[in-house]
file data-v9.cif (mmCIF, C-alpha atoms)
data_structure
loop_
_atom_site.label_atom_id
_atom_site.label_comp_id
_atom_site.auth_asym_id
_atom_site.auth_seq_id
_atom_site.Cartn_x
_atom_site.Cartn_y
_atom_site.Cartn_z
CA MET A 3 6.70 -29.80 -47.44
CA LYS A 4 4.89 -30.35 -44.18
CA THR A 5 2.40 -27.67 -43.05
CA ILE A 6 1.70 -27.07 -39.37
CA ASP A 7 -1.16 -24.77 -38.45
CA THR A 8 -0.57 -23.39 -34.94
CA ARG A 9 -2.92 -20.43 -35.28
CA GLY A 10 -4.84 -19.65 -32.11
CA LEU A 11 -2.82 -21.96 -29.88
CA SER A 12 -1.37 -20.70 -26.58
CA CYS A 13 2.29 -20.71 -25.63
CA PRO A 14 4.24 -22.98 -25.84
CA GLU A 15 2.21 -25.15 -28.24
CA PRO A 16 3.35 -23.49 -31.51
CA ILE A 17 6.97 -24.17 -30.55
CA MET A 18 6.24 -27.70 -29.39
CA LEU A 19 4.51 -28.59 -32.66
CA THR A 20 7.41 -27.05 -34.58
CA GLN A 21 9.89 -28.99 -32.46
CA GLU A 22 7.99 -32.21 -33.14
CA ALA A 23 8.22 -31.58 -36.90
CA THR A 24 11.96 -30.81 -36.79
CA LEU A 25 12.61 -33.97 -34.79
CA SER A 26 10.93 -36.06 -37.49
CA ASN A 27 13.72 -34.86 -39.84
CA GLU A 28 11.51 -32.81 -42.12
CA ASP A 29 13.78 -30.70 -44.36
CA SER A 30 11.04 -28.39 -45.51
CA LEU A 31 8.40 -26.90 -43.23
CA GLU A 32 5.59 -24.39 -43.50
CA ILE A 33 4.32 -23.08 -40.16
CA LEU A 34 1.30 -20.83 -39.69
CA VAL A 35 1.15 -18.60 -36.60
CA ASP A 36 -1.22 -15.76 -35.73
CA THR A 37 0.56 -13.69 -33.10
CA VAL A 38 3.76 -11.68 -33.24
CA VAL A 39 5.03 -13.50 -30.14
CA SER A 40 4.56 -16.93 -31.70
CA LYS A 41 6.14 -15.71 -34.92
CA GLU A 42 9.24 -14.57 -33.00
CA ASN A 43 9.40 -17.73 -30.89
CA VAL A 44 9.01 -20.14 -33.79
CA GLU A 45 11.43 -18.19 -35.99
CA ARG A 46 14.06 -18.15 -33.24
CA PHE A 47 13.58 -21.85 -32.65
CA LEU A 48 13.90 -22.70 -36.36
CA VAL A 49 17.02 -20.57 -36.85
CA ASN A 50 18.65 -22.18 -33.80
CA ALA A 51 17.70 -25.61 -35.18
CA GLY A 52 19.61 -24.78 -38.38
CA TYR A 53 16.76 -23.91 -40.77
CA LYS A 54 16.84 -21.06 -43.28
CA THR A 55 13.64 -19.27 -42.41
CA GLU A 56 11.53 -16.83 -44.36
CA VAL A 57 8.53 -15.00 -42.83
CA LEU A 58 5.56 -14.00 -45.00
CA ASP A 59 2.95 -11.59 -43.64
CA GLU A 60 -0.44 -12.92 -44.76
CA ASN A 61 -2.49 -10.04 -43.29
CA ASP A 62 -4.12 -11.75 -40.31
CA TYR A 63 -1.46 -14.41 -39.82
CA TYR A 64 2.17 -15.21 -40.63
CA LYS A 65 3.56 -18.02 -42.75
CA LEU A 66 7.05 -19.23 -41.90
CA ILE A 67 8.82 -21.17 -44.62
CA ALA A 68 11.77 -23.15 -43.29
CA ASN A 69 14.31 -25.16 -45.23
CA LYS A 70 17.31 -27.12 -44.06
CA MET B 25 14.49 -10.73 -34.31
CA ASP B 26 17.02 -10.43 -31.49
CA SER B 27 20.00 -12.68 -31.61
CA THR B 28 19.79 -15.25 -28.84
CA LYS B 29 22.64 -13.66 -26.89
CA ASN B 30 21.29 -10.11 -27.14
CA ARG B 31 17.88 -11.29 -26.01
CA LYS B 32 19.37 -12.84 -22.89
CA ILE B 33 21.39 -9.76 -21.97
CA VAL B 34 18.49 -7.36 -22.55
CA ASN B 35 16.13 -9.58 -20.54
CA LEU B 36 18.66 -9.79 -17.69
CA LEU B 37 19.09 -6.02 -17.59
CA LEU B 38 15.38 -5.17 -17.85
CA GLY B 39 14.58 -7.88 -15.29
CA GLY B 40 17.09 -6.10 -13.05
CA VAL B 41 15.20 -2.83 -13.54
CA ILE B 42 11.98 -4.58 -12.46
CA GLY B 43 13.67 -5.97 -9.33
CA ILE B 44 15.09 -2.55 -8.43
CA ILE B 45 11.69 -0.87 -8.87
CA ALA B 46 10.09 -3.56 -6.69
CA ALA B 47 12.54 -2.98 -3.84
CA LEU B 48 11.98 0.79 -4.11
CA LEU B 49 8.20 0.34 -3.83
CA VAL B 50 8.77 -1.52 -0.55
CA TYR B 51 11.04 1.27 0.64
CA TYR B 52 8.31 3.82 -0.13
CA GLY B 53 5.53 1.95 1.62
CA ASN B 54 4.52 -1.40 0.10
CA PRO B 55 4.51 -4.43 2.46
CA GLY B 56 7.83 -6.28 2.83
CA ASN B 57 9.09 -8.14 -0.26
CA MET B 58 5.86 -7.08 -1.96
CA GLY B 59 6.96 -4.53 -4.50
CA PHE B 60 4.85 -6.54 -6.88
CA CYS B 61 2.58 -9.51 -6.27
CA LEU B 62 -0.20 -10.36 -8.68
CA ALA B 63 -1.95 -12.69 -6.23
CA CYS B 64 -1.79 -10.26 -3.29
CA PHE B 65 -2.68 -7.24 -5.41
CA PHE B 66 -5.67 -8.81 -7.18
CA ARG B 67 -6.73 -10.06 -3.73
CA ASP B 68 -6.54 -6.49 -2.36
CA ILE B 69 -8.59 -5.21 -5.30
CA THR B 70 -11.13 -8.00 -4.72
CA GLY B 71 -11.47 -6.82 -1.12
CA ALA B 72 -11.70 -3.15 -2.07
CA LEU B 73 -14.63 -4.04 -4.34
CA GLY B 74 -16.36 -5.76 -1.41
CA LEU B 75 -16.05 -9.26 -2.86
CA HIS B 76 -14.39 -10.52 0.32
CA SER B 77 -14.58 -9.27 3.89
CA ALA B 78 -10.99 -9.53 5.18
CA ASP B 79 -10.45 -5.93 6.34
CA PRO B 80 -6.61 -5.96 6.41
CA VAL B 81 -6.33 -6.73 2.68
CA LYS B 82 -8.36 -4.12 0.82
CA TYR B 83 -6.78 -1.62 -1.55
CA ILE B 84 -7.03 -0.78 -5.24
CA ARG B 85 -3.42 -1.47 -6.18
CA PRO B 86 -2.27 1.01 -8.83
CA GLU B 87 0.51 -1.39 -9.88
CA ILE B 88 -2.11 -3.72 -11.41
CA ILE B 89 -3.79 -0.82 -13.23
CA GLY B 90 -0.34 0.13 -14.52
CA PHE B 91 0.48 -3.41 -15.70
CA VAL B 92 -2.64 -3.58 -17.85
CA LEU B 93 -2.46 -0.05 -19.19
CA GLY B 94 1.32 -0.21 -19.72
CA ALA B 95 0.88 -3.39 -21.76
CA PHE B 96 -2.11 -1.84 -23.58
CA ILE B 97 -0.14 1.25 -24.60
CA SER B 98 3.00 -0.61 -25.58
CA ALA B 99 1.04 -3.24 -27.56
CA ASN B 100 -0.82 -0.52 -29.43
CA ILE B 101 2.39 1.33 -30.28
CA ALA B 102 3.90 -1.91 -31.59
CA GLY B 103 0.73 -2.83 -33.51
CA GLU B 104 0.33 -5.97 -31.41
CA PHE B 105 -3.09 -5.26 -29.89
CA LYS B 106 -5.47 -7.97 -31.09
CA SER B 107 -8.85 -9.06 -29.70
CA ARG B 108 -8.80 -12.83 -29.60
CA GLY B 109 -10.31 -15.53 -27.43
CA GLY B 110 -12.61 -18.49 -27.23
CA SER B 111 -10.09 -21.12 -26.15
CA ALA B 112 -11.68 -23.16 -23.33
CA PRO B 113 -12.90 -20.18 -21.28
CA VAL B 114 -14.31 -22.22 -18.38
CA SER B 115 -11.11 -24.25 -18.01
CA ARG B 116 -9.09 -21.04 -18.04
CA PHE B 117 -11.38 -19.49 -15.43
CA LEU B 118 -10.90 -22.55 -13.21
CA LEU B 119 -7.12 -22.52 -13.68
CA GLY B 120 -7.03 -18.85 -12.70
CA PHE B 121 -9.05 -19.78 -9.64
CA THR B 122 -6.82 -22.72 -8.62
CA SER B 123 -3.62 -20.74 -9.18
CA MET B 124 -4.91 -18.08 -6.79
CA ILE B 125 -5.64 -20.68 -4.10
CA GLY B 126 -2.08 -22.03 -4.46
CA ALA B 127 -0.61 -18.54 -4.28
CA LEU B 128 -2.59 -17.58 -1.19
CA VAL B 129 -1.55 -20.77 0.62
CA PHE B 130 2.09 -19.86 -0.12
CA LEU B 131 1.46 -16.09 0.24
CA GLY B 132 2.54 -14.72 -3.09
CA CYS B 133 2.55 -15.33 -6.82
CA SER B 134 5.67 -16.44 -8.68
CA LEU B 135 6.78 -12.82 -9.20
CA ARG B 136 6.69 -12.24 -5.44
CA LEU B 137 8.46 -15.58 -4.97
CA PHE B 138 11.55 -14.11 -6.67
CA LEU B 139 11.18 -10.83 -4.79
CA ARG B 140 10.99 -12.79 -1.51
CA LEU B 141 14.18 -14.62 -2.53
CA GLY B 142 15.77 -11.24 -3.23
CA GLY B 143 14.81 -10.11 0.27
CA GLY B 144 16.49 -13.13 1.87
CA ASP B 145 13.29 -15.04 2.69
CA LEU B 146 14.42 -18.69 2.70
CA ASN B 147 10.81 -19.93 2.84
CA ALA B 148 10.72 -18.86 -0.79
CA VAL B 149 13.42 -21.44 -1.57
CA VAL B 150 10.94 -24.12 -0.50
CA GLY B 151 8.29 -22.37 -2.59
CA LEU B 152 10.65 -22.29 -5.57
CA LEU B 153 11.18 -26.05 -5.38
CA GLY B 154 7.41 -26.58 -5.34
CA PHE B 155 7.01 -24.09 -8.20
CA ILE B 156 9.53 -25.97 -10.37
CA ALA B 157 7.88 -29.30 -9.49
CA GLY B 158 4.47 -27.89 -10.49
CA ILE B 159 5.88 -26.62 -13.79
CA ALA B 160 7.41 -30.06 -14.44
CA ILE B 161 4.00 -31.67 -13.90
CA GLY B 162 2.40 -29.20 -16.31
CA VAL B 163 5.14 -29.83 -18.89
CA TYR B 164 4.54 -33.58 -18.57
CA PHE B 165 0.90 -33.05 -19.61
CA LEU B 166 1.91 -30.63 -22.39
CA LYS B 167 4.29 -33.23 -23.81
CA ASN B 168 1.46 -35.75 -23.73
CA GLY B 169 -0.75 -33.61 -25.91
CA PHE B 170 -2.45 -31.24 -23.47
CA SER B 171 -4.06 -28.28 -25.19
CA LEU B 172 -6.87 -25.86 -24.39
CA GLY B 173 -7.54 -25.52 -28.12
CA ARG B 174 -7.53 -22.60 -30.50
CA ALA B 175 -8.43 -18.98 -29.87
CA TYR B 176 -10.07 -16.99 -32.64
CA GLU B 177 -10.42 -13.36 -33.55
CA GLN B 178 -13.10 -11.61 -31.46
CA PRO B 179 -14.96 -8.33 -31.88
CA LYS B 180 -12.44 -5.54 -31.33
CA ALA B 181 -14.37 -4.00 -28.43
CA SER B 182 -13.99 -7.19 -26.34
CA GLY B 183 -10.25 -6.58 -26.08
CA TYR B 184 -10.90 -3.23 -24.41
CA PHE B 185 -12.74 -4.81 -21.48
CA MET B 186 -9.75 -5.21 -19.14
CA PRO B 187 -8.15 -1.82 -19.93
CA ALA B 188 -11.58 -0.19 -19.39
CA PHE B 189 -12.06 -2.05 -16.11
CA MET B 190 -8.65 -0.75 -14.99
CA LEU B 191 -9.57 2.83 -15.90
CA MET B 192 -12.71 2.42 -13.80
CA LEU B 193 -10.59 1.15 -10.88
CA LEU B 194 -8.28 4.15 -11.27
CA ILE B 195 -11.24 6.51 -11.01
CA LEU B 196 -12.50 4.67 -7.91
CA LEU B 197 -9.02 4.82 -6.37
CA ILE B 198 -8.82 8.57 -6.83
CA ALA B 199 -12.45 9.34 -5.93
CA LYS B 200 -12.48 6.93 -2.94
CA PRO B 201 -16.30 6.56 -2.75
CA ASP B 202 -17.73 5.05 0.47
CA PHE B 203 -18.60 1.72 -1.12
CA ILE B 204 -14.94 0.96 -1.87
CA GLY B 205 -13.04 -0.60 1.03
CA PHE B 206 -9.58 0.60 2.01
CA SER B 207 -7.66 -1.14 4.81
CA GLU B 208 -6.79 0.97 7.82
CA GLU B 209 -4.30 -1.60 9.12
CA GLY B 210 -2.51 -4.67 7.80
CA PRO B 211 -0.90 -5.22 4.40
CA GLY B 212 -3.70 -3.42 2.54
CA SER B 213 -2.92 -0.20 4.40
CA MET B 214 0.75 -0.34 3.39
CA HIS B 215 1.43 1.16 0.01
CA ALA B 216 3.73 3.49 -1.86
CA PRO B 217 2.26 6.80 -3.09
CA ILE B 218 -0.37 6.23 -5.81
CA ILE B 219 1.52 8.06 -8.55
CA MET B 220 4.69 6.09 -7.85
CA SER B 221 2.89 2.73 -7.85
CA LEU B 222 1.06 3.62 -11.04
CA ALA B 223 4.23 4.74 -12.82
CA ALA B 224 6.03 1.58 -11.66
CA GLY B 225 3.19 -0.57 -12.98
CA LEU B 226 3.16 1.22 -16.34
CA ILE B 227 6.92 0.75 -16.80
CA VAL B 228 6.94 -2.88 -15.68
CA GLY B 229 3.81 -3.73 -17.70
CA ALA B 230 5.46 -2.29 -20.82
CA ILE B 231 8.71 -4.20 -20.15
CA PHE B 232 6.82 -7.45 -19.67
CA GLN B 233 4.86 -6.81 -22.86
CA ARG B 234 7.89 -5.93 -25.00
CA ARG B 235 10.14 -8.69 -23.66
CA ARG B 236 7.33 -11.29 -23.38
CA LEU B 237 8.60 -12.07 -19.87
CA CYS B 238 6.92 -14.81 -17.88
CA THR B 239 8.07 -16.39 -14.64
CA VAL B 240 6.54 -19.74 -15.56
CA GLY B 241 7.74 -19.63 -19.17
CA ALA B 242 11.25 -19.12 -17.75
CA PHE B 243 11.39 -22.70 -16.49
CA ARG B 244 8.95 -24.23 -18.98
CA ASP B 245 11.13 -23.13 -21.92
CA ILE B 246 14.20 -24.66 -20.28
CA PHE B 247 12.36 -27.97 -19.84
CA ILE B 248 10.90 -28.04 -23.34
CA ILE B 249 13.41 -26.38 -25.68
CA LYS B 250 16.43 -25.60 -23.43
CA ASP B 251 15.85 -21.90 -24.04
CA TYR B 252 17.16 -19.58 -21.29
CA GLY B 253 15.85 -16.27 -22.69
CA LEU B 254 12.92 -15.83 -20.29
CA PHE B 255 14.90 -17.33 -17.42
CA MET B 256 17.43 -14.50 -17.75
CA GLY B 257 14.61 -12.02 -17.18
CA VAL B 258 13.58 -13.79 -13.98
CA LEU B 259 17.21 -14.03 -12.86
CA GLY B 260 17.45 -10.28 -13.43
CA ILE B 261 14.36 -9.66 -11.28
CA PHE B 262 15.94 -11.66 -8.44
CA LEU B 263 19.37 -10.01 -8.75
CA GLY B 264 17.93 -6.49 -9.09
CA SER B 265 15.77 -6.86 -6.01
CA LEU B 266 18.64 -8.49 -4.06
CA LEU B 267 20.99 -5.62 -4.92
CA MET B 268 18.48 -2.90 -4.09
CA ASN B 269 17.35 -4.59 -0.88
CA LEU B 270 20.98 -4.74 0.26
CA ILE B 271 21.48 -1.06 -0.57
CA LEU B 272 18.27 -0.02 1.22
CA GLY B 273 18.91 -2.27 4.25
CA GLN B 274 15.83 -4.36 3.51
CA PHE B 275 17.68 -7.67 3.15
CA GLN B 276 17.06 -10.11 5.99
CA LEU B 277 18.25 -13.70 5.57
CA GLY B 278 16.36 -16.53 7.27
CA PHE B 279 13.14 -18.49 7.66
CA ALA B 280 11.65 -16.80 10.73
CA ASP B 281 9.89 -13.43 10.94
CA GLN B 282 9.80 -12.77 7.23
CA PRO B 283 7.24 -10.18 6.09
CA VAL B 284 3.86 -11.58 4.97
CA ALA B 285 5.19 -15.16 4.95
CA HIS B 286 5.03 -18.34 7.02
CA SER B 287 7.40 -21.26 7.55
CA ASN B 288 5.16 -24.26 7.00
CA HIS B 289 7.33 -26.03 4.43
CA ILE B 290 4.65 -28.45 3.21
CA ALA B 291 2.19 -25.62 2.57
CA ASN B 292 4.84 -23.48 0.87
CA PHE B 293 5.94 -26.36 -1.35
CA MET B 294 2.43 -27.57 -2.21
CA GLY B 295 0.99 -24.06 -2.65
CA MET B 296 3.58 -23.19 -5.27
CA LEU B 297 3.34 -26.64 -6.85
CA LEU B 298 -0.36 -26.03 -7.45
CA PHE B 299 0.39 -22.51 -8.68
CA GLY B 300 3.10 -23.63 -11.13
CA PHE B 301 0.94 -26.50 -12.42
CA SER B 302 -2.04 -24.18 -13.03
CA SER B 303 0.13 -21.54 -14.67
CA VAL B 304 1.66 -23.94 -17.21
CA LEU B 305 -1.81 -25.22 -18.15
CA MET B 306 -3.16 -21.68 -18.63
CA GLY B 307 -0.14 -20.74 -20.76
CA GLY B 308 1.66 -18.28 -18.48
CA CYS B 309 1.91 -16.87 -14.97
CA PRO B 310 -0.60 -14.29 -13.68
CA ILE B 311 1.50 -11.29 -14.68
CA ARG B 312 1.79 -12.67 -18.21
CA GLN B 313 -2.01 -13.15 -18.20
CA THR B 314 -2.45 -9.57 -16.99
CA VAL B 315 -0.24 -8.27 -19.79
CA LEU B 316 -2.06 -10.40 -22.38
CA ALA B 317 -5.40 -9.10 -21.10
CA GLY B 318 -4.02 -5.60 -21.74
CA GLN B 319 -3.29 -6.46 -25.36
CA GLY B 320 -6.75 -7.78 -26.20
CA ASP B 321 -6.64 -11.43 -25.11
CA ASN B 322 -10.18 -12.36 -23.96
CA ASP B 323 -8.98 -15.70 -22.57
CA ALA B 324 -6.44 -13.96 -20.33
CA ALA B 325 -9.22 -11.63 -19.14
CA ILE B 326 -11.32 -14.65 -18.15
CA THR B 327 -8.29 -16.09 -16.34
CA ILE B 328 -8.02 -12.87 -14.34
CA ILE B 329 -11.68 -13.07 -13.39
CA GLY B 330 -10.84 -16.59 -12.13
CA LEU B 331 -7.99 -15.11 -10.06
CA ILE B 332 -10.35 -12.52 -8.58
CA LEU B 333 -13.02 -15.07 -7.69
CA GLY B 334 -10.34 -17.37 -6.28
CA ALA B 335 -9.20 -14.54 -4.01
CA ALA B 336 -12.79 -13.90 -2.91
CA PHE B 337 -13.25 -17.58 -2.01
CA ALA B 338 -9.85 -17.75 -0.31
CA HIS B 339 -10.71 -14.96 2.12
CA ASN B 340 -14.44 -15.59 2.55
CA PHE B 341 -13.85 -19.23 3.48
CA GLY B 342 -10.58 -18.95 5.36
CA LEU B 343 -8.44 -20.72 2.76
CA ALA B 344 -5.65 -18.14 2.66
CA SER B 345 -2.64 -18.59 4.92
CA SER B 346 -1.51 -15.93 7.38
CA PRO B 347 1.94 -15.28 8.89
CA GLU B 348 0.91 -17.86 11.54
CA GLY B 349 0.68 -20.50 8.82
CA PRO B 350 -1.81 -22.25 6.57
CA THR B 351 -5.37 -23.19 7.57
CA SER B 352 -6.70 -26.75 7.40
CA ALA B 353 -9.48 -25.50 5.11
CA GLY B 354 -6.78 -24.06 2.86
CA MET B 355 -4.95 -27.39 2.68
CA ILE B 356 -8.20 -29.22 1.81
CA ALA B 357 -8.94 -26.63 -0.88
CA LEU B 358 -5.43 -27.13 -2.23
CA VAL B 359 -6.04 -30.85 -2.71
CA ILE B 360 -9.41 -30.19 -4.39
CA CYS B 361 -7.76 -27.67 -6.71
CA LEU B 362 -5.05 -30.19 -7.63
CA VAL B 363 -7.79 -32.66 -8.55
CA ILE B 364 -9.50 -30.01 -10.70
CA ASN B 365 -6.18 -29.33 -12.46
CA VAL B 366 -5.59 -33.03 -13.15
CA ILE B 367 -9.12 -33.38 -14.58
CA ILE B 368 -8.54 -30.39 -16.88
CA ALA B 369 -5.05 -31.69 -17.79
CA VAL B 370 -6.18 -35.19 -18.79
CA SER B 371 -9.41 -34.14 -20.51
CA SER B 372 -8.01 -31.37 -22.74
CA LYS B 373 -6.26 -32.95 -25.71
CA ARG B 374 -4.80 -31.40 -28.81
CA ARG B 375 -6.89 -32.04 -31.91
CA ILE B 376 -4.50 -31.40 -34.77
CA SER B 377 -4.04 -33.45 -37.89
#
call {"tool": "encode", "arguments": {"input": "data-v9.cif", "output": "structure tokens"}}
result
Amino acid sequence: MKTIDTRGLSCPEPIMLTQEATLSNEDSLEILVDTVVSKENVERFLVNAGYKTEVLDENDYYKLIANK
Amino acid sequence: MDSTKNRKIVNLLLGGVIGIIAALLVYYGNPGNMGFCLACFFRDITGALGLHSADPVKYIRPEIIGFVLGAFISANIAGEFKSRGGSAPVSRFLLGFTSMIGALVFLGCSLRLFLRLGGGDLNAVVGLLGFIAGIAIGVYFLKNGFSLGRAYEQPKASGYFMPAFMLMLLILLIAKPDFIGFSEEGPGSMHAPIIMSLAAGLIVGAIFQRRRLCTVGAFRDIFIIKDYGLFMGVLGIFLGSLLMNLILGQFQLGFADQPVAHSNHIANFMGMLLFGFSSVLMGGCPIRQTVLAGQGDNDAAITIIGLILGAAFAHNFGLASSPEGPTSAGMIALVICLVINVIIAVSSKRRIS
């Protein structure tokens, strides 16, 4: 499980960091985001990249768990 | 989450609504192909507040007030209002400044670029090529690790700054005190009725907030992740304005005699190149920044202050173009701004383990 903390980063960095992780053939990812927009963007990206994605609301941020 | 296809269709349709509204604002009084223009409108507000002395471009544009308040209301309803900031404020201020210089050399922000295209202004095609080139340069730096760093949660009140500033502008617009400048001739004197402009701004601000539209993101996302969602919104804006301009008889194809535009191809290309480059580095075009400032983003608010100061410099020091063309001071400023952007781009690196 690789964890990527994108909290506080501007668009499109959360997606770019996620993309980087998917390209390194990680089957299991945990991505932290802190805005609704980043949550939507990263989730959409992961689903399109073929990952089963689960979103957990951690109060002041979101945790996306993605598995191939 | 929208399915990818639904998102594209909804963005296309709502973009179309924005384009139609923009053409209607021109019909009811705004300058040609200027239903919306973040650069021009912030510039007019800057003049109205006495921060520059170009008499033809002074007006408190209700569309801007509407963008911020529309985004503020819609973000609050959706529970998305969040005061955050602290990510490289000085760099963001400078990028706001340089993007304004680029826009005023071209004569319009990227939103107006698509409205100019929809009005048949072929100079905007040259601008579009420069815009895409500038975005490509910004994407190059992003792919090489450019980052302005993290933003953090800020005191809640800080997020209310821009909405409060807009409420103050609205009061000044209605009260029209002597110390606020209003153009008696020129583009600043041309405007749709206040209530119509304000309503248009509120609707468009809310659409931009809900759909996360961004004219720069439209191309950036294609370059980086081959995602066409935001692009469909921009395509909609172009098609909507084209359709409505044709219906209203406002469409005029050509390079010459276009409203509030010039035909110096180098200046049009380079102005929008600078603008696109700046906008990628600051994480979104000026209307996206305006919407973010309405939903509590302190960094976007700083960027807007950069836009305002950029407009003040552009008109106080003769950097802005006119329908006769660019000024040599403007072209020198453009080169200096490009250098500033490159310095920011190479010196701001992502620090992530």
call {"tool": "residues_around", "arguments": {"input": "data-v9.cif", "residues": "Glu42 of chain A", "least_positions_apart": "3", "cutoff": "12 Å", "atoms": "only C-alpha atoms", "output": "short mmCIF file (atom, residue, chain, number, x, y, z; two decimals) with C-alpha atoms, in the frame of the given file"}}
result
data_model
loop_
_atom_site.label_atom_id
_atom_site.label_comp_id
_atom_site.auth_asym_id
_atom_site.auth_seq_id
_atom_site.Cartn_x
_atom_site.Cartn_y
_atom_site.Cartn_z
CA CYS A 13 2.29 -20.71 -25.63
CA PRO A 16 3.35 -23.49 -31.51
CA ILE A 17 6.97 -24.17 -30.55
CA VAL A 35 1.15 -18.60 -36.60
CA ASP A 36 -1.22 -15.76 -35.73
CA THR A 37 0.56 -13.69 -33.10
CA VAL A 38 3.76 -11.68 -33.24
CA VAL A 39 5.03 -13.50 -30.14
CA GLU A 45 11.43 -18.19 -35.99
CA ARG A 46 14.06 -18.15 -33.24
CA PHE A 47 13.58 -21.85 -32.65
CA LEU A 48 13.90 -22.70 -36.36
CA VAL A 49 17.02 -20.57 -36.85
CA THR A 55 13.64 -19.27 -42.41
CA GLU A 56 11.53 -16.83 -44.36
CA VAL A 57 8.53 -15.00 -42.83
CA TYR A 64 2.17 -15.21 -40.63
CA LYS A 65 3.56 -18.02 -42.75
CA LEU A 66 7.05 -19.23 -41.90
CA MET B 25 14.49 -10.73 -34.31
CA ASP B 26 17.02 -10.43 -31.49
CA SER B 27 20.00 -12.68 -31.61
CA THR B 28 19.79 -15.25 -28.84
CA ARG B 31 17.88 -11.29 -26.01
CA ARG B 234 7.89 -5.93 -25.00
CA ARG B 235 10.14 -8.69 -23.66
CA ARG B 236 7.33 -11.29 -23.38
#
call {"tool": "resolve_selection", "arguments": {"input": "data-v9.cif", "expression": "the PyMOL selection byres ((chain B and resi 284) around 7)", "output": "PDB file with C-alpha atoms, in the coordinates of the input"}}
result
ATOM      1  CA  GLY B  56       7.830  -6.280   2.830  1.00  0.00           C
ATOM      2  CA  LEU B 131       1.460 -16.090   0.240  1.00  0.00           C
ATOM      3  CA  GLN B 282       9.800 -12.770   7.230  1.00  0.00           C
ATOM      4  CA  PRO B 283       7.240 -10.180   6.090  1.00  0.00           C
ATOM      5  CA  ALA B 285       5.190 -15.160   4.950  1.00  0.00           C
ATOM      6  CA  PRO B 347       1.940 -15.280   8.890  1.00  0.00           C
TER       7      PRO B 347
END
call {"tool": "resolve_selection", "arguments": {"input": "data-v9.cif", "expression": "the PyMOL selection byres ((chain B) within 10 of (chain A))", "output": "PyMOL selection string"}}
result
chain B and resi 25-28+102-106+108-111+163+166-167+169-177+233-236+241+244-245+248-249+251+304-308+323+374+376-377
call {"tool": "atom_distance", "arguments": {"input": "data-v9.cif", "atom1": "atom CA of His289 of chain B", "atom2": "atom CA of Gly151 of chain B"}}
result
8.0 Å
call {"tool": "resolve_selection", "arguments": {"input": "data-v9.cif", "expression": "the PyMOL selection byres ((chain B and resi 54) around 12)", "output": "VMD selection string"}}
result
chain B and resid 45 to 53 55 to 61 64 to 65 83 85 to 87 210 to 218 220 to 221 283 to 284
call {"tool": "atom_distance", "arguments": {"input": "data-v9.cif", "atom1": "atom CA of Asp145 of chain B", "atom2": "atom CA of Thr70 of chain B"}}
result
26.5 Å
call {"tool": "atom_distance", "arguments": {"input": "data-v9.cif", "atom1": "atom CA of Pro179 of chain B", "atom2": "atom CA of Gln319 of chain B"}}
result
13.5 Å
call {"tool": "residues_around", "arguments": {"input": "data-v9.cif", "residues": "segment 25-32 of chain A", "least_positions_apart": "2", "cutoff": "8 Å", "atoms": "only C-alpha atoms", "output": "VMD selection string"}}
result
chain A and resid 3 to 6 21 to 23 34 65 to 70
call {"tool": "residues_near_point", "arguments": {"input": "data-v9.cif", "point": "(11.0, -8.3, -12.1)", "cutoff": "10 Å", "atoms": "only C-alpha atoms", "output": "number ranges by chain"}}
result
B: 35-36, 38-47, 59-60, 135-136, 138-139, 228, 231-232, 237-239, 257-265
call {"tool": "residues_near_point", "arguments": {"input": "data-v9.cif", "point": "(-2.8, -28.1, -13.5)", "cutoff": "7 Å", "atoms": "only C-alpha atoms", "output": "list in words"}}
result
Gly162, Leu298, Phe301, Ser302, Leu305, Leu362, Asn365, Val366 and Ala369 of chain B
call {"tool": "closest_residue", "arguments": {"input": "data-v9.cif", "among": "B:Ile88, B:Val370, B:Val34, B:Ile125", "to": "Ala357 of chain B", "atoms": "all atoms listed in the file"}}
result
B:Ile125
call {"tool": "closest_residue", "arguments": {"input": "data-v9.cif", "among": "B:Phe341, B:Phe206, B:Phe155, B:Phe165", "to": "Gly71 of chain B", "atoms": "only C-alpha atoms"}}
result
B:Phe206
call {"tool": "residues_around", "arguments": {"input": "data-v9.cif", "residues": "His286 of chain B", "least_positions_apart": "2", "cutoff": "7 Å", "atoms": "all atoms listed in the file", "output": "list in words"}}
result
Asn288, Ser346, Pro347, Glu348 and Gly349 of chain B
call {"tool": "closest_residue", "arguments": {"input": "data-v9.cif", "among": "B:Gly205, B:Gly273, B:Gly229, B:Pro350", "to": "Ser77 of chain B", "atoms": "all atoms listed in the file"}}
result
B:Gly205
call {"tool": "axis_aligned_box", "arguments": {"input": "data-v9.cif", "around": "segment 131-142 of chain B", "padding_each_side": "4 Å", "output": "lines of an AutoDock Vina configuration file"}}
result
center_x = 8.6
center_y = -13.6
center_z = -4.5
size_x = 22.3
size_y = 13.6
size_z = 17.4
